[in-house]
$ cat start.pdb   # PDB, C-alpha atoms, pLDDT in the B column
ATOM      1  CA  MET K   8      47.924   5.524  39.703  1.00 43.00           C
ATOM      2  CA  THR K   9      44.921   5.920  41.893  1.00 43.00           C
ATOM      3  CA  SER K  10      41.735   7.766  41.136  1.00 43.00           C
ATOM      4  CA  GLU K  11      39.884   9.474  43.889  1.00 43.00           C
ATOM      5  CA  ARG K  12      36.115   9.676  43.864  1.00 42.00           C
ATOM      6  CA  PRO K  13      34.569  12.906  45.081  1.00 40.00           C
ATOM      7  CA  GLU K  14      33.119  12.761  48.534  1.00 44.00           C
ATOM      8  CA  PRO K  15      29.336  12.384  48.482  1.00 40.00           C
ATOM      9  CA  SER K  16      28.827  15.949  49.634  1.00 39.00           C
ATOM     10  CA  ARG K  17      30.892  17.145  46.704  1.00 42.00           C
ATOM     11  CA  MET K  18      29.347  14.957  44.058  1.00 37.00           C
ATOM     12  CA  PRO K  19      27.810  17.132  41.349  1.00 38.00           C
ATOM     13  CA  SER K  20      24.022  16.987  41.232  1.00 38.00           C
ATOM     14  CA  PHE K  21      22.196  16.788  37.960  1.00 38.00           C
ATOM     15  CA  SER K  22      18.520  17.256  37.348  1.00 44.00           C
ATOM     16  CA  ALA K  23      16.520  17.023  34.179  1.00 48.00           C
ATOM     17  CA  PRO K  24      16.110  20.430  32.580  1.00 55.00           C
ATOM     18  CA  ARG K  25      12.638  21.875  32.895  1.00 65.00           C
ATOM     19  CA  ARG K  26      10.839  21.591  29.597  1.00 74.00           C
ATOM     20  CA  GLY K  27       9.386  24.634  27.908  1.00 91.00           C
ATOM     21  CA  LEU K  28       5.607  24.798  27.994  1.00 96.00           C
ATOM     22  CA  SER K  29       5.406  24.726  24.222  1.00 97.00           C
ATOM     23  CA  ASP K  30       7.062  21.272  24.199  1.00 96.00           C
ATOM     24  CA  LEU K  31       4.662  19.959  26.831  1.00 97.00           C
ATOM     25  CA  LEU K  32       1.642  21.498  25.100  1.00 97.00           C
ATOM     26  CA  ALA K  33       2.731  19.988  21.792  1.00 97.00           C
ATOM     27  CA  ALA K  34       2.951  16.545  23.407  1.00 96.00           C
ATOM     28  CA  SER K  35      -0.481  16.894  24.971  1.00 97.00           C
ATOM     29  CA  ALA K  36      -2.005  18.277  21.790  1.00 97.00           C
ATOM     30  CA  GLY K  37      -0.543  15.322  19.930  1.00 97.00           C
ATOM     31  CA  GLN K  38      -2.850  13.114  21.985  1.00 97.00           C
ATOM     32  CA  ALA K  39      -5.917  15.374  22.168  1.00 98.00           C
ATOM     33  CA  VAL K  40      -6.145  16.278  18.474  1.00 98.00           C
ATOM     34  CA  PRO K  41      -6.582  12.671  17.230  1.00 98.00           C
ATOM     35  CA  VAL K  42      -9.148  12.073  19.979  1.00 98.00           C
ATOM     36  CA  VAL K  43     -11.243  15.053  18.879  1.00 98.00           C
ATOM     37  CA  ARG K  44     -10.820  14.045  15.259  1.00 98.00           C
ATOM     38  CA  GLY K  45     -12.151  10.592  16.151  1.00 98.00           C
ATOM     39  CA  ILE K  46     -15.341  11.802  17.839  1.00 98.00           C
ATOM     40  CA  ALA K  47     -18.376  10.640  15.875  1.00 98.00           C
ATOM     41  CA  ASP K  48     -21.480  12.805  15.674  1.00 98.00           C
ATOM     42  CA  ALA K  49     -23.338  10.011  17.463  1.00 98.00           C
ATOM     43  CA  ASP K  50     -21.006  10.440  20.460  1.00 97.00           C
ATOM     44  CA  LEU K  51     -21.772  14.098  21.083  1.00 98.00           C
ATOM     45  CA  GLY K  52     -24.493  13.412  23.636  1.00 98.00           C
ATOM     46  CA  ALA K  53     -22.462  10.832  25.560  1.00 98.00           C
ATOM     47  CA  ALA K  54     -21.484  11.315  29.194  1.00 97.00           C
ATOM     48  CA  THR K  55     -17.880  12.079  30.143  1.00 97.00           C
ATOM     49  CA  PRO K  56     -15.829  11.605  33.326  1.00 95.00           C
ATOM     50  CA  CYS K  57     -16.367  15.341  33.873  1.00 92.00           C
ATOM     51  CA  PRO K  58     -19.960  15.238  35.191  1.00 88.00           C
ATOM     52  CA  ASP K  59     -20.877  18.792  34.197  1.00 89.00           C
ATOM     53  CA  TYR K  60     -20.249  18.102  30.506  1.00 96.00           C
ATOM     54  CA  ASP K  61     -21.388  15.727  27.826  1.00 98.00           C
ATOM     55  CA  VAL K  62     -19.044  15.245  24.878  1.00 98.00           C
ATOM     56  CA  ARG K  63     -20.435  18.157  22.887  1.00 98.00           C
ATOM     57  CA  ALA K  64     -20.198  20.606  25.789  1.00 98.00           C
ATOM     58  CA  LEU K  65     -16.706  19.416  26.675  1.00 98.00           C
ATOM     59  CA  VAL K  66     -15.428  19.864  23.118  1.00 98.00           C
ATOM     60  CA  ASN K  67     -16.863  23.396  23.126  1.00 98.00           C
ATOM     61  CA  HIS K  68     -15.209  24.088  26.475  1.00 98.00           C
ATOM     62  CA  LEU K  69     -11.848  22.712  25.386  1.00 98.00           C
ATOM     63  CA  LEU K  70     -11.912  24.636  22.127  1.00 98.00           C
ATOM     64  CA  HIS K  71     -12.627  27.804  24.087  1.00 98.00           C
ATOM     65  CA  VAL K  72      -9.726  27.075  26.412  1.00 98.00           C
ATOM     66  CA  VAL K  73      -7.350  26.559  23.490  1.00 98.00           C
ATOM     67  CA  VAL K  74      -8.494  29.815  21.860  1.00 98.00           C
ATOM     68  CA  GLN K  75      -8.385  31.953  25.000  1.00 98.00           C
ATOM     69  CA  PHE K  76      -5.035  30.716  26.288  1.00 98.00           C
ATOM     70  CA  GLN K  77      -3.420  31.861  23.068  1.00 98.00           C
ATOM     71  CA  LEU K  78      -4.435  35.386  24.077  1.00 98.00           C
ATOM     72  CA  LEU K  79      -3.043  34.870  27.565  1.00 97.00           C
ATOM     73  CA  ALA K  80       0.293  33.751  26.142  1.00 98.00           C
ATOM     74  CA  ARG K  81       0.440  37.118  24.364  1.00 97.00           C
ATOM     75  CA  LYS K  82      -0.467  38.945  27.605  1.00 97.00           C
ATOM     76  CA  GLU K  83      -3.828  39.940  26.097  1.00 97.00           C
ATOM     77  CA  ASP K  84      -7.238  39.904  27.772  1.00 95.00           C
ATOM     78  CA  SER K  85      -9.209  36.666  27.736  1.00 96.00           C
ATOM     79  CA  ASP K  86     -12.931  36.138  28.129  1.00 96.00           C
ATOM     80  CA  PHE K  87     -14.298  33.050  29.873  1.00 94.00           C
ATOM     81  CA  SER K  88     -17.643  34.635  30.752  1.00 95.00           C
ATOM     82  CA  ALA K  89     -19.450  32.505  28.161  1.00 97.00           C
ATOM     83  CA  THR K  90     -18.529  29.578  25.919  1.00 97.00           C
ATOM     84  CA  PRO K  91     -19.538  29.874  22.260  1.00 97.00           C
ATOM     85  CA  ASP K  92     -21.097  26.907  20.514  1.00 98.00           C
ATOM     86  CA  TYR K  93     -18.154  26.261  18.244  1.00 98.00           C
ATOM     87  CA  LEU K  94     -19.672  23.045  16.950  1.00 98.00           C
ATOM     88  CA  ALA K  95     -22.789  24.837  15.727  1.00 98.00           C
ATOM     89  CA  GLU K  96     -20.751  27.656  14.212  1.00 97.00           C
ATOM     90  CA  ASP K  97     -18.326  25.502  12.244  1.00 97.00           C
ATOM     91  CA  PRO K  98     -19.096  22.082  10.743  1.00 97.00           C
ATOM     92  CA  GLU K  99     -15.330  21.586  10.429  1.00 98.00           C
ATOM     93  CA  TRP K 100     -14.815  21.946  14.182  1.00 98.00           C
ATOM     94  CA  ARG K 101     -12.568  18.890  14.338  1.00 98.00           C
ATOM     95  CA  ALA K 102     -10.109  20.468  11.904  1.00 98.00           C
ATOM     96  CA  ARG K 103     -10.407  23.808  13.691  1.00 98.00           C
ATOM     97  CA  PHE K 104      -9.442  22.194  16.985  1.00 98.00           C
ATOM     98  CA  GLY K 105      -6.244  20.960  15.377  1.00 98.00           C
ATOM     99  CA  ARG K 106      -5.441  24.406  13.993  1.00 98.00           C
ATOM    100  CA  GLU K 107      -6.143  26.107  17.309  1.00 98.00           C
ATOM    101  CA  CYS K 108      -3.881  23.646  19.115  1.00 98.00           C
ATOM    102  CA  GLU K 109      -1.119  24.537  16.676  1.00 98.00           C
ATOM    103  CA  GLY K 110      -1.780  28.191  17.505  1.00 98.00           C
ATOM    104  CA  LEU K 111      -1.626  27.455  21.223  1.00 98.00           C
ATOM    105  CA  VAL K 112       1.744  25.741  20.947  1.00 98.00           C
ATOM    106  CA  ALA K 113       3.076  28.557  18.761  1.00 98.00           C
ATOM    107  CA  ALA K 114       1.835  31.250  21.157  1.00 98.00           C
ATOM    108  CA  TRP K 115       3.593  29.687  24.150  1.00 98.00           C
ATOM    109  CA  SER K 116       6.800  29.133  22.189  1.00 97.00           C
ATOM    110  CA  VAL K 117       7.342  32.859  21.631  1.00 97.00           C
ATOM    111  CA  PRO K 118      10.263  34.136  23.721  1.00 97.00           C
ATOM    112  CA  GLY K 119       8.952  35.776  26.878  1.00 96.00           C
ATOM    113  CA  ALA K 120       5.592  33.990  26.857  1.00 97.00           C
ATOM    114  CA  GLU K 121       6.416  32.196  30.121  1.00 97.00           C
ATOM    115  CA  GLU K 122       7.806  35.302  31.784  1.00 97.00           C
ATOM    116  CA  GLY K 123       6.050  37.933  33.869  1.00 97.00           C
ATOM    117  CA  THR K 124       2.368  37.774  34.677  1.00 97.00           C
ATOM    118  CA  THR K 125      -0.758  37.432  32.609  1.00 96.00           C
ATOM    119  CA  GLY K 126      -4.535  37.271  33.007  1.00 92.00           C
ATOM    120  CA  SER K 127      -6.969  39.350  35.017  1.00 88.00           C
ATOM    121  CA  LEU K 128      -5.513  38.001  38.267  1.00 82.00           C
ATOM    122  CA  ALA K 129      -1.961  38.835  37.149  1.00 93.00           C
ATOM    123  CA  MET K 130      -0.814  35.284  37.788  1.00 92.00           C
ATOM    124  CA  PRO K 131       2.650  34.044  36.834  1.00 94.00           C
ATOM    125  CA  ALA K 132       2.611  33.278  33.128  1.00 96.00           C
ATOM    126  CA  ARG K 133       4.121  29.809  33.631  1.00 95.00           C
ATOM    127  CA  THR K 134       1.279  28.949  36.025  1.00 93.00           C
ATOM    128  CA  VAL K 135      -1.295  30.172  33.522  1.00 94.00           C
ATOM    129  CA  GLY K 136       0.311  28.099  30.782  1.00 96.00           C
ATOM    130  CA  CYS K 137       0.161  25.055  33.060  1.00 95.00           C
ATOM    131  CA  MET K 138      -3.580  25.621  33.395  1.00 94.00           C
ATOM    132  CA  ALA K 139      -3.878  25.308  29.630  1.00 96.00           C
ATOM    133  CA  LEU K 140      -1.740  22.165  29.736  1.00 97.00           C
ATOM    134  CA  LEU K 141      -3.935  20.698  32.469  1.00 96.00           C
ATOM    135  CA  ASP K 142      -7.162  21.322  30.567  1.00 96.00           C
ATOM    136  CA  LEU K 143      -5.751  19.989  27.313  1.00 98.00           C
ATOM    137  CA  SER K 144      -4.386  16.861  28.988  1.00 97.00           C
ATOM    138  CA  VAL K 145      -7.172  15.976  31.396  1.00 97.00           C
ATOM    139  CA  HIS K 146     -10.028  16.889  29.078  1.00 97.00           C
ATOM    140  CA  GLY K 147      -8.290  15.035  26.264  1.00 98.00           C
ATOM    141  CA  TRP K 148      -8.405  11.979  28.531  1.00 98.00           C
ATOM    142  CA  ASP K 149     -12.052  12.724  29.400  1.00 98.00           C
ATOM    143  CA  LEU K 150     -13.008  12.741  25.744  1.00 98.00           C
ATOM    144  CA  ALA K 151     -10.991   9.618  24.989  1.00 98.00           C
ATOM    145  CA  ARG K 152     -12.690   7.700  27.783  1.00 97.00           C
ATOM    146  CA  ALA K 153     -16.126   8.984  26.763  1.00 98.00           C
ATOM    147  CA  THR K 154     -15.634   7.823  23.179  1.00 98.00           C
ATOM    148  CA  ASP K 155     -13.608   4.628  23.758  1.00 97.00           C
ATOM    149  CA  GLN K 156     -10.382   5.960  22.310  1.00 97.00           C
ATOM    150  CA  ARG K 157      -6.747   5.540  23.311  1.00 96.00           C
ATOM    151  CA  TYR K 158      -4.961   8.241  25.282  1.00 97.00           C
ATOM    152  CA  VAL K 159      -1.296   8.370  26.351  1.00 95.00           C
ATOM    153  CA  PRO K 160      -0.784  11.027  29.061  1.00 93.00           C
ATOM    154  CA  ASP K 161       2.951  11.632  28.623  1.00 92.00           C
ATOM    155  CA  PRO K 162       4.094  10.597  25.154  1.00 87.00           C
ATOM    156  CA  GLY K 163       7.843  10.514  24.878  1.00 85.00           C
ATOM    157  CA  GLY K 164       8.313  10.868  28.635  1.00 89.00           C
ATOM    158  CA  LEU K 165       8.758  14.639  28.412  1.00 92.00           C
ATOM    159  CA  GLY K 166       7.467  15.248  31.926  1.00 94.00           C
ATOM    160  CA  VAL K 167       3.889  16.335  31.222  1.00 96.00           C
ATOM    161  CA  VAL K 168       2.504  14.463  34.222  1.00 96.00           C
ATOM    162  CA  ARG K 169       5.293  15.613  36.524  1.00 94.00           C
ATOM    163  CA  GLU K 170       4.702  19.244  35.522  1.00 95.00           C
ATOM    164  CA  LEU K 171       0.959  18.906  36.035  1.00 95.00           C
ATOM    165  CA  ARG K 172       1.246  17.297  39.438  1.00 92.00           C
ATOM    166  CA  ALA K 173       3.455  20.142  40.623  1.00 92.00           C
ATOM    167  CA  ALA K 174       1.008  22.661  39.191  1.00 90.00           C
ATOM    168  CA  VAL K 175      -2.025  21.022  40.804  1.00 89.00           C
ATOM    169  CA  ALA K 176      -0.228  20.936  44.148  1.00 87.00           C
ATOM    170  CA  ASP K 177       0.242  24.693  43.714  1.00 85.00           C
ATOM    171  CA  PHE K 178      -3.143  25.905  42.492  1.00 79.00           C
ATOM    172  CA  GLY K 179      -5.328  22.856  43.110  1.00 72.00           C
ATOM    173  CA  PRO K 180      -6.860  24.044  46.410  1.00 75.00           C
ATOM    174  CA  THR K 181      -7.886  27.346  44.837  1.00 73.00           C
ATOM    175  CA  ALA K 182      -9.264  25.611  41.763  1.00 72.00           C
ATOM    176  CA  ARG K 183     -11.237  23.231  43.972  1.00 71.00           C
ATOM    177  CA  SER K 184     -12.696  26.070  46.027  1.00 69.00           C
ATOM    178  CA  MET K 185     -13.827  27.753  42.792  1.00 67.00           C
ATOM    179  CA  GLY K 186     -15.479  24.576  41.538  1.00 65.00           C
ATOM    180  CA  ALA K 187     -12.989  23.981  38.733  1.00 70.00           C
ATOM    181  CA  PHE K 188     -12.107  20.594  40.285  1.00 74.00           C
ATOM    182  CA  GLY K 189     -14.399  18.157  41.978  1.00 76.00           C
ATOM    183  CA  PRO K 190     -13.516  16.877  45.450  1.00 80.00           C
ATOM    184  CA  ALA K 191     -10.360  14.805  45.351  1.00 82.00           C
ATOM    185  CA  VAL K 192     -10.906  11.054  45.382  1.00 85.00           C
ATOM    186  CA  SER K 193      -8.678   8.218  46.558  1.00 87.00           C
ATOM    187  CA  ALA K 194      -6.357   6.875  43.912  1.00 87.00           C
ATOM    188  CA  PRO K 195      -6.546   3.114  43.367  1.00 81.00           C
ATOM    189  CA  ALA K 196      -3.920   0.730  44.666  1.00 85.00           C
ATOM    190  CA  ASN K 197      -0.795   0.675  42.505  1.00 88.00           C
ATOM    191  CA  ALA K 198      -1.873   3.937  40.928  1.00 93.00           C
ATOM    192  CA  THR K 199       0.330   5.572  38.336  1.00 94.00           C
ATOM    193  CA  GLU K 200       1.273   9.230  38.613  1.00 95.00           C
ATOM    194  CA  TRP K 201      -1.366   9.946  35.982  1.00 96.00           C
ATOM    195  CA  ASP K 202      -4.005   8.070  38.006  1.00 96.00           C
ATOM    196  CA  GLU K 203      -3.060  10.137  41.043  1.00 94.00           C
ATOM    197  CA  LEU K 204      -3.372  13.349  39.047  1.00 94.00           C
ATOM    198  CA  LEU K 205      -6.826  12.356  37.822  1.00 95.00           C
ATOM    199  CA  ALA K 206      -7.875  11.535  41.376  1.00 93.00           C
ATOM    200  CA  GLU K 207      -6.613  14.915  42.559  1.00 91.00           C
ATOM    201  CA  THR K 208      -8.905  16.580  40.019  1.00 91.00           C
ATOM    202  CA  GLY K 209     -11.880  14.570  41.262  1.00 89.00           C
ATOM    203  CA  ARG K 210     -11.917  11.873  38.579  1.00 92.00           C
ATOM    204  CA  ASP K 211     -12.144   8.122  38.840  1.00 92.00           C
ATOM    205  CA  PRO K 212      -9.102   6.872  36.890  1.00 93.00           C
ATOM    206  CA  HIS K 213     -11.031   3.697  36.044  1.00 91.00           C
ATOM    207  CA  TRP K 214     -14.044   5.536  34.603  1.00 94.00           C
ATOM    208  CA  SER K 215     -15.263   3.928  31.416  1.00 91.00           C
ATOM    209  CA  ARG K 216     -18.114   4.573  29.036  1.00 88.00           C
ATOM    210  CA  THR K 217     -19.752   1.246  29.762  1.00 84.00           C
ATOM    211  CA  GLY K 218     -19.020   0.968  33.468  1.00 71.00           C
ATOM    212  CA  ARG K 219     -18.853   4.595  34.529  1.00 62.00           C
ATOM    213  CA  ARG K 220     -19.105   5.405  38.223  1.00 53.00           C
TER
END
$ encode --input "start.pdb" --output "structure tokens"
Amino acid sequence: MTSERPEPSRMPSFSAPRRGLSDLLAASAGQAVPVVRGIADADLGAATPCPDYDVRALVNHLLHVVVQFQLLARKEDSDFSATPDYLAEDPEWRARFGRECEGLVAAWSVPGAEEGTTGSLAMPARTVGCMALLDLSVHGWDLARATDQRYVPDPGGLGVVRELRAAVADFGPTARSMGAFGPAVSAPANATEWDELLAETGRDPHWSRTGRR
């Protein structure tokens, strides 16, 4: 008996299924929440790889992102015109960040959250959700570097970095023109995909608290 192999042109092609945003957000939140929990009060004035923010301002910004993108998942209006001082309002801001991240994951796990359009610019909902994922991931790394903590960009190999690189290739030029990203920098030799993503958002992947550039 002989077995025939399909011709190359007829070989079935398989690709990894695209993960739901809630899975990717949960993975990213799983890294960011311990980082925020580990921020000491003495660290709040420290510089971060995001030059417009010190640690305190960046935590406030990230908390606002996590709150507002829950509204966007529900196709409700968001408000980024001003960032409240969450840290001044709530002495338990570390615990609140964890709760709001849980709310973010839950909001994007609701059936239909990734469908249609959302936001004042009526952007595709999946794109908007990727913006939340980008902020949570990159700013989680910013805060980890600023406070000498560990950060794993794609725990479990779910495809967080792959999803973000595709998203940045899509909306990166617009984000850069609006000042949301700094000018792209050259990635170092032997850069990982995560390093390349950081460089695309204007960050030095080797930035450190003691030897920042």
$ residues_around --input "start.pdb" --residues "Gly123 (chain K)" --least-positions-apart "4" --cutoff "12 Å" --atoms "all atoms listed in the file" --output "list in words"
Leu79, Ala80, Arg81, Lys82, Pro118, Gly119, Ala129, Met130, Pro131, Ala132, Arg133, Thr134, Val135 and Gly136 of chain K
$ closest_residue --input "start.pdb" --among "K:Asp30, K:Asp59, K:Asp86, K:Asp92" --to "Val112 (chain K)" --atoms "all atoms listed in the file"
K:Asp30
$ closest_residue --input "start.pdb" --among "K:Val168, K:Leu128, K:Cys57, K:Leu141" --to "Gly209 (chain K)" --atoms "only C-alpha atoms"
K:Cys57
$ closest_residue --input "start.pdb" --among "K:Ala113, K:Ala33, K:Cys108, K:Ala196" --to "Val73 (chain K)" --atoms "all atoms listed in the file"
K:Cys108
$ residues_around --input "start.pdb" --residues "His68 (chain K)" --least-positions-apart "5" --cutoff "12 Å" --atoms "all atoms listed in the file" --output "number ranges by chain"
K: 57, 59-63, 73-75, 87-94, 104, 139, 142-143, 146-147, 150
$ residues_around --input "start.pdb" --residues "region 157-166 of chain K" --least-positions-apart "4" --cutoff "9 Å" --atoms "only C-alpha atoms" --output "VMD selection string"
chain K and resid 25 to 26 30 to 31 34 to 35 37 to 39 42 144 to 145 147 to 148 151 to 152 170 to 171 201
